[in-house]
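Enquirer: Contents of protein-v1.cif (mmCIF, C-alpha atoms, pLDDT in the B column; chains and numbers go by the auth columns) are given next:
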```
data_input
#
loop_
_atom_site.group_PDB
_atom_site.id
_atom_site.type_symbol
_atom_site.label_atom_id
_atom_site.label_comp_id
_atom_site.label_asym_id
_atom_site.label_seq_id
_atom_site.Cartn_x
_atom_site.Cartn_y
_atom_site.Cartn_z
_atom_site.B_iso_or_equiv
_atom_site.auth_seq_id
_atom_site.auth_asym_id
ATOM 1 C CA MET A 1 96.512 95.700 121.478 93.00 1 A
ATOM 2 C CA ILE A 2 95.570 93.291 118.721 97.00 2 A
ATOM 3 C CA ARG A 3 92.324 91.368 118.993 98.00 3 A
ATOM 4 C CA ILE A 4 91.480 88.618 116.491 98.00 4 A
ATOM 5 C CA LEU A 5 88.343 86.504 116.811 98.00 5 A
ATOM 6 C CA VAL A 6 86.996 83.887 114.406 98.00 6 A
ATOM 7 C CA GLN A 7 83.743 82.739 115.911 98.00 7 A
ATOM 8 C CA GLN A 8 80.445 80.938 115.361 98.00 8 A
ATOM 9 C CA ASN A 9 78.589 83.291 117.692 97.00 9 A
ATOM 10 C CA PRO A 10 77.007 86.602 116.666 98.00 10 A
ATOM 11 C CA ILE A 11 79.304 89.646 116.865 98.00 11 A
ATOM 12 C CA ASP A 12 78.644 91.777 119.948 98.00 12 A
ATOM 13 C CA LEU A 13 79.373 95.321 118.722 97.00 13 A
ATOM 14 C CA ALA A 14 78.750 97.007 122.060 97.00 14 A
ATOM 15 C CA ALA A 15 81.195 94.747 123.861 97.00 15 A
ATOM 16 C CA GLU A 16 83.856 95.188 121.160 97.00 16 A
ATOM 17 C CA MET A 17 83.482 98.986 121.140 97.00 17 A
ATOM 18 C CA ALA A 18 83.663 99.175 124.936 97.00 18 A
ATOM 19 C CA ARG A 19 86.899 97.182 124.864 96.00 19 A
ATOM 20 C CA ILE A 20 88.429 99.440 122.185 96.00 20 A
ATOM 21 C CA GLU A 21 87.379 102.674 123.909 95.00 21 A
ATOM 22 C CA ALA A 22 88.882 101.468 127.185 94.00 22 A
ATOM 23 C CA ALA A 23 92.285 100.753 125.608 91.00 23 A
ATOM 24 C CA GLU A 24 95.243 103.128 125.466 83.00 24 A
ATOM 25 C CA GLY A 25 95.759 105.283 122.370 79.00 25 A
ATOM 26 C CA ALA A 26 92.111 105.525 121.306 86.00 26 A
ATOM 27 C CA GLY A 27 91.585 109.184 120.485 93.00 27 A
ATOM 28 C CA ALA A 28 89.924 108.204 117.206 97.00 28 A
ATOM 29 C CA ILE A 29 88.215 104.934 116.334 98.00 29 A
ATOM 30 C CA ALA A 30 87.199 103.917 112.793 98.00 30 A
ATOM 31 C CA THR A 31 85.073 100.812 112.306 98.00 31 A
ATOM 32 C CA PHE A 32 83.675 98.741 109.447 98.00 32 A
ATOM 33 C CA THR A 33 80.805 96.285 109.809 98.00 33 A
ATOM 34 C CA GLY A 34 79.826 93.875 107.020 96.00 34 A
ATOM 35 C CA LEU A 35 76.335 92.342 106.952 93.00 35 A
ATOM 36 C CA VAL A 36 74.780 89.427 105.100 91.00 36 A
ATOM 37 C CA ARG A 37 72.998 91.283 102.278 85.00 37 A
ATOM 38 C CA ARG A 38 69.237 91.500 102.138 80.00 38 A
ATOM 39 C CA ASP A 39 68.931 92.858 98.584 64.00 39 A
ATOM 40 C CA ALA A 40 68.555 90.821 95.364 53.00 40 A
ATOM 41 C CA ASP A 41 72.345 90.586 95.082 53.00 41 A
ATOM 42 C CA GLY A 42 72.583 88.960 98.452 48.00 42 A
ATOM 43 C CA ALA A 43 71.531 85.828 100.188 50.00 43 A
ATOM 44 C CA ASP A 44 67.759 86.146 100.498 50.00 44 A
ATOM 45 C CA GLY A 45 66.689 87.232 97.006 49.00 45 A
ATOM 46 C CA THR A 46 63.056 86.660 96.259 52.00 46 A
ATOM 47 C CA GLY A 47 60.933 83.677 97.061 47.00 47 A
ATOM 48 C CA GLY A 48 63.360 81.637 99.106 52.00 48 A
ATOM 49 C CA VAL A 49 64.711 81.739 102.598 57.00 49 A
ATOM 50 C CA GLY A 50 68.353 82.748 102.206 84.00 50 A
ATOM 51 C CA THR A 51 71.249 81.612 104.277 90.00 51 A
ATOM 52 C CA LEU A 52 74.955 82.219 104.063 94.00 52 A
ATOM 53 C CA GLU A 53 77.589 79.812 105.280 96.00 53 A
ATOM 54 C CA LEU A 54 81.190 80.798 105.894 97.00 54 A
ATOM 55 C CA GLU A 55 83.906 78.167 105.668 98.00 55 A
ATOM 56 C CA HIS A 56 87.472 78.915 106.735 98.00 56 A
ATOM 57 C CA TYR A 57 90.932 77.378 107.143 98.00 57 A
ATOM 58 C CA PRO A 58 91.357 76.981 110.895 97.00 58 A
ATOM 59 C CA GLY A 59 94.749 78.151 112.096 96.00 59 A
ATOM 60 C CA ALA A 60 95.704 79.801 108.804 97.00 60 A
ATOM 61 C CA THR A 61 92.770 82.210 109.132 98.00 61 A
ATOM 62 C CA GLU A 62 93.784 83.434 112.564 98.00 62 A
ATOM 63 C CA ALA A 63 97.427 83.691 111.454 97.00 63 A
ATOM 64 C CA ALA A 64 96.496 85.746 108.364 97.00 64 A
ATOM 65 C CA LEU A 65 94.279 88.117 110.348 98.00 65 A
ATOM 66 C CA THR A 66 96.933 88.552 113.035 98.00 66 A
ATOM 67 C CA ARG A 67 99.534 89.367 110.386 97.00 67 A
ATOM 68 C CA LEU A 68 97.210 91.945 108.810 98.00 68 A
ATOM 69 C CA ALA A 69 96.470 93.577 112.156 98.00 69 A
ATOM 70 C CA GLU A 70 100.178 93.713 113.017 98.00 70 A
ATOM 71 C CA GLN A 71 100.981 95.328 109.654 98.00 71 A
ATOM 72 C CA ALA A 72 98.252 97.939 110.148 98.00 72 A
ATOM 73 C CA GLN A 73 99.311 98.629 113.711 97.00 73 A
ATOM 74 C CA GLN A 74 102.882 99.226 112.611 97.00 74 A
ATOM 75 C CA ARG A 75 102.053 101.264 109.480 97.00 75 A
ATOM 76 C CA TRP A 76 99.597 103.638 111.214 97.00 76 A
ATOM 77 C CA SER A 77 100.868 103.445 114.818 96.00 77 A
ATOM 78 C CA LEU A 78 97.527 102.135 115.990 97.00 78 A
ATOM 79 C CA GLY A 79 96.593 101.828 119.633 96.00 79 A
ATOM 80 C CA THR A 80 94.401 98.844 118.836 96.00 80 A
ATOM 81 C CA ALA A 81 93.463 96.779 115.799 98.00 81 A
ATOM 82 C CA THR A 82 90.421 94.520 116.052 98.00 82 A
ATOM 83 C CA ILE A 83 89.087 91.940 113.588 98.00 83 A
ATOM 84 C CA VAL A 84 86.084 89.774 114.455 98.00 84 A
ATOM 85 C CA HIS A 85 84.815 87.395 111.736 98.00 85 A
ATOM 86 C CA ARG A 86 81.849 85.034 111.852 98.00 86 A
ATOM 87 C CA VAL A 87 82.030 81.498 110.462 98.00 87 A
ATOM 88 C CA GLY A 88 79.307 78.889 110.034 98.00 88 A
ATOM 89 C CA PRO A 89 75.691 79.516 109.015 96.00 89 A
ATOM 90 C CA MET A 90 74.066 82.955 109.222 95.00 90 A
ATOM 91 C CA THR A 91 70.998 84.754 107.920 92.00 91 A
ATOM 92 C CA PRO A 92 70.409 88.056 106.040 91.00 92 A
ATOM 93 C CA GLY A 93 70.987 91.122 108.174 91.00 93 A
ATOM 94 C CA GLU A 94 73.443 89.411 110.510 95.00 94 A
ATOM 95 C CA ARG A 95 76.976 90.751 110.938 96.00 95 A
ATOM 96 C CA ILE A 96 79.682 88.794 109.103 96.00 96 A
ATOM 97 C CA VAL A 97 82.678 90.913 109.998 98.00 97 A
ATOM 98 C CA PHE A 98 83.683 93.757 112.286 98.00 98 A
ATOM 99 C CA VAL A 99 86.948 95.655 111.858 98.00 99 A
ATOM 100 C CA ALA A 100 88.160 98.527 114.010 98.00 100 A
ATOM 101 C CA ALA A 101 91.271 100.688 114.114 98.00 101 A
ATOM 102 C CA ALA A 102 91.993 102.991 117.030 98.00 102 A
ATOM 103 C CA ALA A 103 94.648 105.696 116.749 97.00 103 A
ATOM 104 C CA PRO A 104 95.470 109.048 118.310 94.00 104 A
ATOM 105 C CA HIS A 105 93.872 110.897 115.341 95.00 105 A
ATOM 106 C CA ARG A 106 91.224 110.218 112.697 96.00 106 A
ATOM 107 C CA ALA A 107 93.289 110.070 109.495 97.00 107 A
ATOM 108 C CA ALA A 108 95.309 107.087 110.677 97.00 108 A
ATOM 109 C CA ALA A 109 92.236 105.334 112.092 98.00 109 A
ATOM 110 C CA LEU A 110 90.200 105.767 108.887 98.00 110 A
ATOM 111 C CA GLU A 111 92.997 104.651 106.574 98.00 111 A
ATOM 112 C CA ALA A 112 93.943 101.674 108.724 98.00 112 A
ATOM 113 C CA CYS A 113 90.324 100.539 108.913 98.00 113 A
ATOM 114 C CA ALA A 114 90.002 100.617 105.108 98.00 114 A
ATOM 115 C CA TYR A 115 93.313 98.771 104.780 98.00 115 A
ATOM 116 C CA LEU A 116 92.195 96.035 107.168 98.00 116 A
ATOM 117 C CA ILE A 117 88.926 95.261 105.388 98.00 117 A
ATOM 118 C CA ASP A 118 90.406 95.613 101.871 97.00 118 A
ATOM 119 C CA ARG A 119 93.243 93.227 102.639 97.00 119 A
ATOM 120 C CA LEU A 120 91.060 90.845 104.624 98.00 120 A
ATOM 121 C CA LYS A 121 89.007 90.311 101.459 96.00 121 A
ATOM 122 C CA THR A 122 92.006 88.912 99.563 95.00 122 A
ATOM 123 C CA ASP A 123 94.417 87.671 102.244 95.00 123 A
ATOM 124 C CA ALA A 124 92.267 85.673 104.672 97.00 124 A
ATOM 125 C CA PRO A 125 91.084 82.139 103.847 98.00 125 A
ATOM 126 C CA PHE A 126 87.296 82.396 104.085 98.00 126 A
ATOM 127 C CA TRP A 127 84.761 81.097 101.562 98.00 127 A
ATOM 128 C CA LYS A 128 81.095 82.081 101.318 96.00 128 A
ATOM 129 C CA ARG A 129 78.380 79.685 100.212 96.00 129 A
ATOM 130 C CA GLU A 130 74.911 81.104 99.797 92.00 130 A
ATOM 131 C CA THR A 131 71.616 79.307 99.469 90.00 131 A
ATOM 132 C CA ARG A 132 68.771 80.923 97.515 84.00 132 A
ATOM 133 C CA ASP A 133 65.488 79.220 96.751 81.00 133 A
ATOM 134 C CA GLY A 134 66.974 75.988 98.036 84.00 134 A
ATOM 135 C CA VAL A 135 69.955 76.121 95.674 90.00 135 A
ATOM 136 C CA ALA A 136 73.425 76.445 97.204 92.00 136 A
ATOM 137 C CA ARG A 137 76.355 77.987 95.355 93.00 137 A
ATOM 138 C CA TRP A 138 79.860 79.122 96.243 95.00 138 A
ATOM 139 C CA VAL A 139 80.252 82.871 95.924 93.00 139 A
ATOM 140 C CA GLU A 140 82.777 83.914 93.237 92.00 140 A
ATOM 141 C CA ALA A 141 85.663 86.216 94.119 92.00 141 A
ATOM 142 C CA ARG A 142 85.477 89.737 92.636 89.00 142 A
ATOM 143 C CA ASP A 143 88.234 91.419 90.626 88.00 143 A
ATOM 144 C CA THR A 144 87.300 94.686 92.332 90.00 144 A
ATOM 145 C CA ASP A 145 88.390 93.146 95.651 91.00 145 A
ATOM 146 C CA ASP A 146 91.836 92.416 94.202 89.00 146 A
ATOM 147 C CA ALA A 147 92.070 96.008 92.952 90.00 147 A
ATOM 148 C CA ALA A 148 91.016 97.395 96.332 91.00 148 A
ATOM 149 C CA ALA A 149 93.653 95.313 98.115 91.00 149 A
ATOM 150 C CA ALA A 150 96.356 96.160 95.574 90.00 150 A
ATOM 151 C CA ARG A 151 96.101 99.920 96.132 91.00 151 A
ATOM 152 C CA TRP A 152 97.717 99.513 99.565 91.00 152 A
ATOM 153 C CA GLY A 153 100.926 98.154 98.024 82.00 153 A
ATOM 154 C CA MET B 1 107.939 62.539 102.189 77.00 1 B
ATOM 155 C CA ALA B 2 104.350 62.531 103.403 94.00 2 B
ATOM 156 C CA ILE B 3 102.377 65.751 103.017 97.00 3 B
ATOM 157 C CA ASP B 4 99.004 66.563 104.553 98.00 4 B
ATOM 158 C CA LEU B 5 96.689 67.958 101.883 98.00 5 B
ATOM 159 C CA LEU B 6 93.674 70.079 102.817 98.00 6 B
ATOM 160 C CA TYR B 7 90.814 71.040 100.508 98.00 7 B
ATOM 161 C CA PHE B 8 88.315 73.849 101.027 98.00 8 B
ATOM 162 C CA ALA B 9 85.001 75.065 99.585 98.00 9 B
ATOM 163 C CA TRP B 10 84.120 73.566 96.169 97.00 10 B
ATOM 164 C CA VAL B 11 87.544 71.936 95.876 98.00 11 B
ATOM 165 C CA ARG B 12 86.682 69.956 99.027 98.00 12 B
ATOM 166 C CA GLU B 13 83.272 69.028 97.629 97.00 13 B
ATOM 167 C CA ALA B 14 84.669 67.962 94.252 97.00 14 B
ATOM 168 C CA MET B 15 87.478 65.937 95.841 97.00 15 B
ATOM 169 C CA GLY B 16 84.917 64.246 98.068 97.00 16 B
ATOM 170 C CA ARG B 17 87.064 64.722 101.164 97.00 17 B
ATOM 171 C CA ALA B 18 88.422 67.496 103.378 98.00 18 B
ATOM 172 C CA GLY B 19 91.987 66.234 103.273 98.00 19 B
ATOM 173 C CA GLU B 20 94.355 63.316 102.948 98.00 20 B
ATOM 174 C CA ARG B 21 97.967 62.347 103.530 98.00 21 B
ATOM 175 C CA VAL B 22 99.935 61.714 100.342 97.00 22 B
ATOM 176 C CA THR B 23 103.486 60.859 99.368 97.00 23 B
ATOM 177 C CA PRO B 24 104.045 62.267 95.892 96.00 24 B
ATOM 178 C CA PRO B 25 106.948 61.048 93.750 96.00 25 B
ATOM 179 C CA ALA B 26 110.219 62.985 93.837 94.00 26 B
ATOM 180 C CA THR B 27 109.443 64.544 90.436 95.00 27 B
ATOM 181 C CA VAL B 28 106.695 66.629 92.090 97.00 28 B
ATOM 182 C CA GLY B 29 108.599 69.803 92.928 97.00 29 B
ATOM 183 C CA THR B 30 105.993 72.591 92.913 98.00 30 B
ATOM 184 C CA VAL B 31 102.362 73.132 93.817 98.00 31 B
ATOM 185 C CA ALA B 32 101.520 73.001 90.101 98.00 32 B
ATOM 186 C CA ASP B 33 103.313 69.632 89.819 98.00 33 B
ATOM 187 C CA LEU B 34 101.300 68.394 92.794 98.00 34 B
ATOM 188 C CA ILE B 35 98.062 69.485 91.110 98.00 35 B
ATOM 189 C CA ASP B 36 99.078 67.697 87.884 97.00 36 B
ATOM 190 C CA TRP B 37 99.806 64.566 89.897 97.00 37 B
ATOM 191 C CA LEU B 38 96.418 64.696 91.661 97.00 38 B
ATOM 192 C CA VAL B 39 94.587 65.335 88.367 97.00 39 B
ATOM 193 C CA ALA B 40 96.250 62.264 86.804 97.00 40 B
ATOM 194 C CA ARG B 41 95.603 60.137 89.895 95.00 41 B
ATOM 195 C CA ASP B 42 91.824 59.799 89.824 93.00 42 B
ATOM 196 C CA PRO B 43 88.574 61.248 88.402 95.00 43 B
ATOM 197 C CA ALA B 44 87.868 63.296 91.540 94.00 44 B
ATOM 198 C CA GLY B 45 91.220 65.012 91.243 94.00 45 B
ATOM 199 C CA ALA B 46 90.628 65.629 87.547 95.00 46 B
ATOM 200 C CA ALA B 47 87.184 67.129 88.227 94.00 47 B
ATOM 201 C CA ALA B 48 88.297 69.295 91.149 95.00 48 B
ATOM 202 C CA LEU B 49 91.661 70.558 89.978 97.00 49 B
ATOM 203 C CA SER B 50 91.698 70.793 86.174 93.00 50 B
ATOM 204 C CA ASP B 51 90.865 74.515 86.045 93.00 51 B
ATOM 205 C CA ARG B 52 94.146 75.977 87.348 92.00 52 B
ATOM 206 C CA GLY B 53 92.937 79.561 86.947 93.00 53 B
ATOM 207 C CA ARG B 54 90.352 79.006 89.673 94.00 54 B
ATOM 208 C CA LEU B 55 92.775 77.440 92.160 97.00 55 B
ATOM 209 C CA ARG B 56 94.777 78.999 94.950 97.00 56 B
ATOM 210 C CA ALA B 57 97.206 77.343 97.343 98.00 57 B
ATOM 211 C CA ALA B 58 98.864 77.657 100.712 98.00 58 B
ATOM 212 C CA VAL B 59 102.057 75.899 101.801 98.00 59 B
ATOM 213 C CA ASP B 60 102.339 75.447 105.559 97.00 60 B
ATOM 214 C CA GLN B 61 99.472 77.944 105.937 96.00 61 B
ATOM 215 C CA ALA B 62 101.035 80.759 103.871 95.00 62 B
ATOM 216 C CA PHE B 63 99.444 81.752 100.534 95.00 63 B
ATOM 217 C CA VAL B 64 101.740 80.980 97.589 96.00 64 B
ATOM 218 C CA ALA B 65 101.682 81.101 93.783 97.00 65 B
ATOM 219 C CA LEU B 66 101.139 77.784 92.016 97.00 66 B
ATOM 220 C CA ASP B 67 104.756 77.704 90.852 97.00 67 B
ATOM 221 C CA ALA B 68 105.992 77.725 94.466 98.00 68 B
ATOM 222 C CA PRO B 69 108.300 74.867 95.505 97.00 69 B
ATOM 223 C CA ILE B 70 106.970 72.329 97.987 97.00 70 B
ATOM 224 C CA ALA B 71 110.246 70.857 99.256 94.00 71 B
ATOM 225 C CA GLY B 72 109.950 70.317 102.995 95.00 72 B
ATOM 226 C CA ALA B 73 106.258 71.235 103.118 97.00 73 B
ATOM 227 C CA ARG B 74 104.212 69.490 105.784 97.00 74 B
ATOM 228 C CA GLU B 75 100.776 70.883 104.910 98.00 75 B
ATOM 229 C CA ILE B 76 99.466 72.079 101.550 98.00 76 B
ATOM 230 C CA ALA B 77 95.978 73.489 101.055 98.00 77 B
ATOM 231 C CA LEU B 78 94.170 73.813 97.710 98.00 78 B
ATOM 232 C CA PHE B 79 91.122 76.045 97.441 98.00 79 B
ATOM 233 C CA PRO B 80 89.211 78.605 95.317 97.00 80 B
ATOM 234 C CA PRO B 81 89.925 82.355 95.468 97.00 81 B
ATOM 235 C CA VAL B 82 88.884 83.573 98.920 97.00 82 B
ATOM 236 C CA THR B 83 85.583 85.400 99.506 96.00 83 B
ATOM 237 C CA GLY B 84 85.541 86.534 103.135 95.00 84 B
ATOM 238 C CA GLY B 85 84.616 89.874 104.658 93.00 85 B
#
```
Please, can you express the file's structure as structure tokens?
Expert:
Amino acid sequence: MIRILVQQNPIDLAAEMARIEAAEGAGAIATFTGLVRRDADGADGTGGVGTLELEHYPGATEAALTRLAEQAQQRWSLGTATIVHRVGPMTPGERIVFVAAAAPHRAAALEACAYLIDRLKTDAPFWKRETRDGVARWVEARDTDDAAAARWG
Amino acid sequence: MAIDLLYFAWVREAMGRAGERVTPPATVGTVADLIDWLVARDPAGAAALSDRGRLRAAVDQAFVALDAPIAGAREIALFPPVTGG
């Protein structure tokens, strides 16, 4: 099973986990959850109310995430691959992204989960814009993300 | 042939629009040629697209390098490096 969601609504972890646990081939489940940062490097900083806004490329985003999930499912024989990504405005502490890989055993689940989030960072058309102290700026891409994605070949 | 152009993030803001339909001349054979043509066309294009190193592109929704050919493309998107996750 592949489940791809790009949504405005908050991510419901309990519902996603219940769905994954109920599916076939879920002896081991590895998950990654990304939050809007609360520290000085993130959206809220000091003094201002921080918000983060996620823009995406409708259609191409879902296609890219589906392709990633299919590649991971094939490479690690996953039972299920799940990617849920928020778009639109959100506040510090909220979940931006949830990735899960379910496999018969833990090694495949852990590796596939890392692959999914590493590759999502470079292969899916999302853009973050953060507002701090009333000033909005587009977040710059990081070279370390390219390196993390590249290690999967 | 007409191509639908889409712009995202600061490229969209600098272009002053989310997209447009264009019919570039036949000499425009690659994404890089298309960018050159848009830069020469008007000040918004020049402001948004002059820094090639900060631009990425997709042809018919697939990421491509800037030297990719655009023959037969229906939709081309120009945008900054992605920052999701």
Enquirer: Could you give me, as CSV, every chain A residue with an atom at most 10 Å from chain B, plus its closest atom pair and distance in Å to one decimal, counting all atoms listed in the file, rows ordered by chain then number?
Expert:
```
residue,atom,partner,partner_atom,distance
A:Thr33,CA,B:Gly85,CA,9.1
A:Gly34,CA,B:Gly85,CA,6.7
A:Leu35,CA,B:Gly85,CA,8.9
A:Val36,CA,B:Gly85,CA,9.9
A:Leu54,CA,B:Gly84,CA,7.7
A:Glu55,CA,B:Ala9,CA,6.9
A:His56,CA,B:Phe8,CA,7.7
A:Tyr57,CA,B:Phe8,CA,7.5
A:Pro58,CA,B:Gln61,CA,9.6
A:Gly59,CA,B:Gln61,CA,7.8
A:Ala60,CA,B:Gln61,CA,5.1
A:Thr61,CA,B:Gln61,CA,8.6
A:Ala63,CA,B:Gln61,CA,8.2
A:Ala64,CA,B:Ala62,CA,8.1
A:Val84,CA,B:Gly85,CA,9.9
A:His85,CA,B:Gly85,CA,7.5
A:Arg86,CA,B:Gly85,CA,9.1
A:Val87,CA,B:Gly84,CA,9.6
A:Arg95,CA,B:Gly85,CA,9.9
A:Ile96,CA,B:Gly85,CA,6.7
A:Val97,CA,B:Gly85,CA,5.8
A:Phe98,CA,B:Gly85,CA,8.6
A:Val99,CA,B:Gly85,CA,9.5
A:Ile117,CA,B:Gly85,CA,6.9
A:Asp118,CA,B:Gly85,CA,8.6
A:Arg119,CA,B:Gly85,CA,9.5
A:Leu120,CA,B:Gly85,CA,6.5
A:Lys121,CA,B:Gly84,CA,5.4
A:Thr122,CA,B:Val82,CA,6.2
A:Asp123,CA,B:Val82,CA,7.6
A:Ala124,CA,B:Gly84,CA,7.0
A:Pro125,CA,B:Val82,CA,5.6
A:Phe126,CA,B:Gly84,CA,4.6
A:Trp127,CA,B:Thr83,CA,4.8
A:Lys128,CA,B:Thr83,CA,5.9
A:Arg129,CA,B:Ala9,CA,8.1
A:Arg137,CA,B:Trp10,CA,9.0
A:Trp138,CA,B:Trp10,CA,7.0
A:Val139,CA,B:Thr83,CA,6.9
A:Glu140,CA,B:Thr83,CA,7.0
A:Ala141,CA,B:Thr83,CA,5.4
A:Arg142,CA,B:Thr83,CA,8.1
A:Asp145,CA,B:Thr83,CA,9.1
```
Enquirer: Give me, please, the distance in Å between atom CA of Gly50 of chain A and atom CA of Val11 of chain B, quoted to one decimal.
Expert: 22.9 Å
Enquirer: Atom CA of Arg67 of chain A and atom CA of Ala112 of chain A, how far apart in Å?
Expert: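 Atom CA of Arg67 of chain A lies at a distance of 13.6 Å from atom CA of Ala112 of chain A.
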Enquirer: Record the distance separating atom CA of Arg56 of chain B and atom CA of Ala18 of chain B, expressed in Å with one decimal.
Expert: 15.6 Å
Enquirer: If you count all atoms listed in the file, which residues fall within 12 Å of segment 44-47 of chain B, apart from same-chain ones fewer than 2 positions away, as a list in words?
Expert: Tyr7, Trp10, Val11, Arg12, Glu13, Ala14, Met15, Gly16, Arg17, Leu34, Ile35, Asp36, Trp37, Leu38, Val39, Ala40, Arg41, Asp42, Leu49, Ser50, Asp51, Arg52 and Leu78 of chain B
Enquirer: On this file, the PyMOL selection byres ((chain A and resi 52) around 6) gives some set of residues; write that set as a list of chain:residue names.
Expert: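 Residues picked by the PyMOL selection byres ((chain A and resi 52) around 6): A:Thr51, A:Glu53, A:Pro89, A:Met90, A:Arg129, A:Glu130.
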Enquirer: Near Leu66 of chain B, within 8 Å and counting only C-alpha atoms, which residues show up once chain neighbours fewer than 4 positions away are dropped, as a VMD selection string?
Expert: chain B and resid 30 to 32 56 to 57
Enquirer: Evaluate the PyMOL selection byres ((chain A and resi 107) around 12) here and jot the selected residues down as a list in words.
Expert: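 In the shown coordinates, the PyMOL selection byres ((chain A and resi 107) around 12) covers Gly27, Ala28, Ile29, Ala30, Trp76, Ser77, Leu78, Ala101, Ala102, Ala103, Pro104, His105, Arg106, Ala108, Ala109, Leu110, Glu111, Ala112, Cys113 and Ala114 of chain A.
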Enquirer: Keeping only C-alpha atoms, take the residues you just selected and write them out as a PDB file, in the coordinates of the input.
Expert:
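Below is the file again-v6.pdb, written as the result:
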```pdb
ATOM      1  CA  GLY A  27      91.585 109.184 120.485  1.00 93.00           C
ATOM      2  CA  ALA A  28      89.924 108.204 117.206  1.00 97.00           C
ATOM      3  CA  ILE A  29      88.215 104.934 116.334  1.00 98.00           C
ATOM      4  CA  ALA A  30      87.199 103.917 112.793  1.00 98.00           C
ATOM      5  CA  TRP A  76      99.597 103.638 111.214  1.00 97.00           C
ATOM      6  CA  SER A  77     100.868 103.445 114.818  1.00 96.00           C
ATOM      7  CA  LEU A  78      97.527 102.135 115.990  1.00 97.00           C
ATOM      8  CA  ALA A 101      91.271 100.688 114.114  1.00 98.00           C
ATOM      9  CA  ALA A 102      91.993 102.991 117.030  1.00 98.00           C
ATOM     10  CA  ALA A 103      94.648 105.696 116.749  1.00 97.00           C
ATOM     11  CA  PRO A 104      95.470 109.048 118.310  1.00 94.00           C
ATOM     12  CA  HIS A 105      93.872 110.897 115.341  1.00 95.00           C
ATOM     13  CA  ARG A 106      91.224 110.218 112.697  1.00 96.00           C
ATOM     14  CA  ALA A 108      95.309 107.087 110.677  1.00 97.00           C
ATOM     15  CA  ALA A 109      92.236 105.334 112.092  1.00 98.00           C
ATOM     16  CA  LEU A 110      90.200 105.767 108.887  1.00 98.00           C
ATOM     17  CA  GLU A 111      92.997 104.651 106.574  1.00 98.00           C
ATOM     18  CA  ALA A 112      93.943 101.674 108.724  1.00 98.00           C
ATOM     19  CA  CYS A 113      90.324 100.539 108.913  1.00 98.00           C
ATOM     20  CA  ALA A 114      90.002 100.617 105.108  1.00 98.00           C
TER      21      ALA A 114
END
```
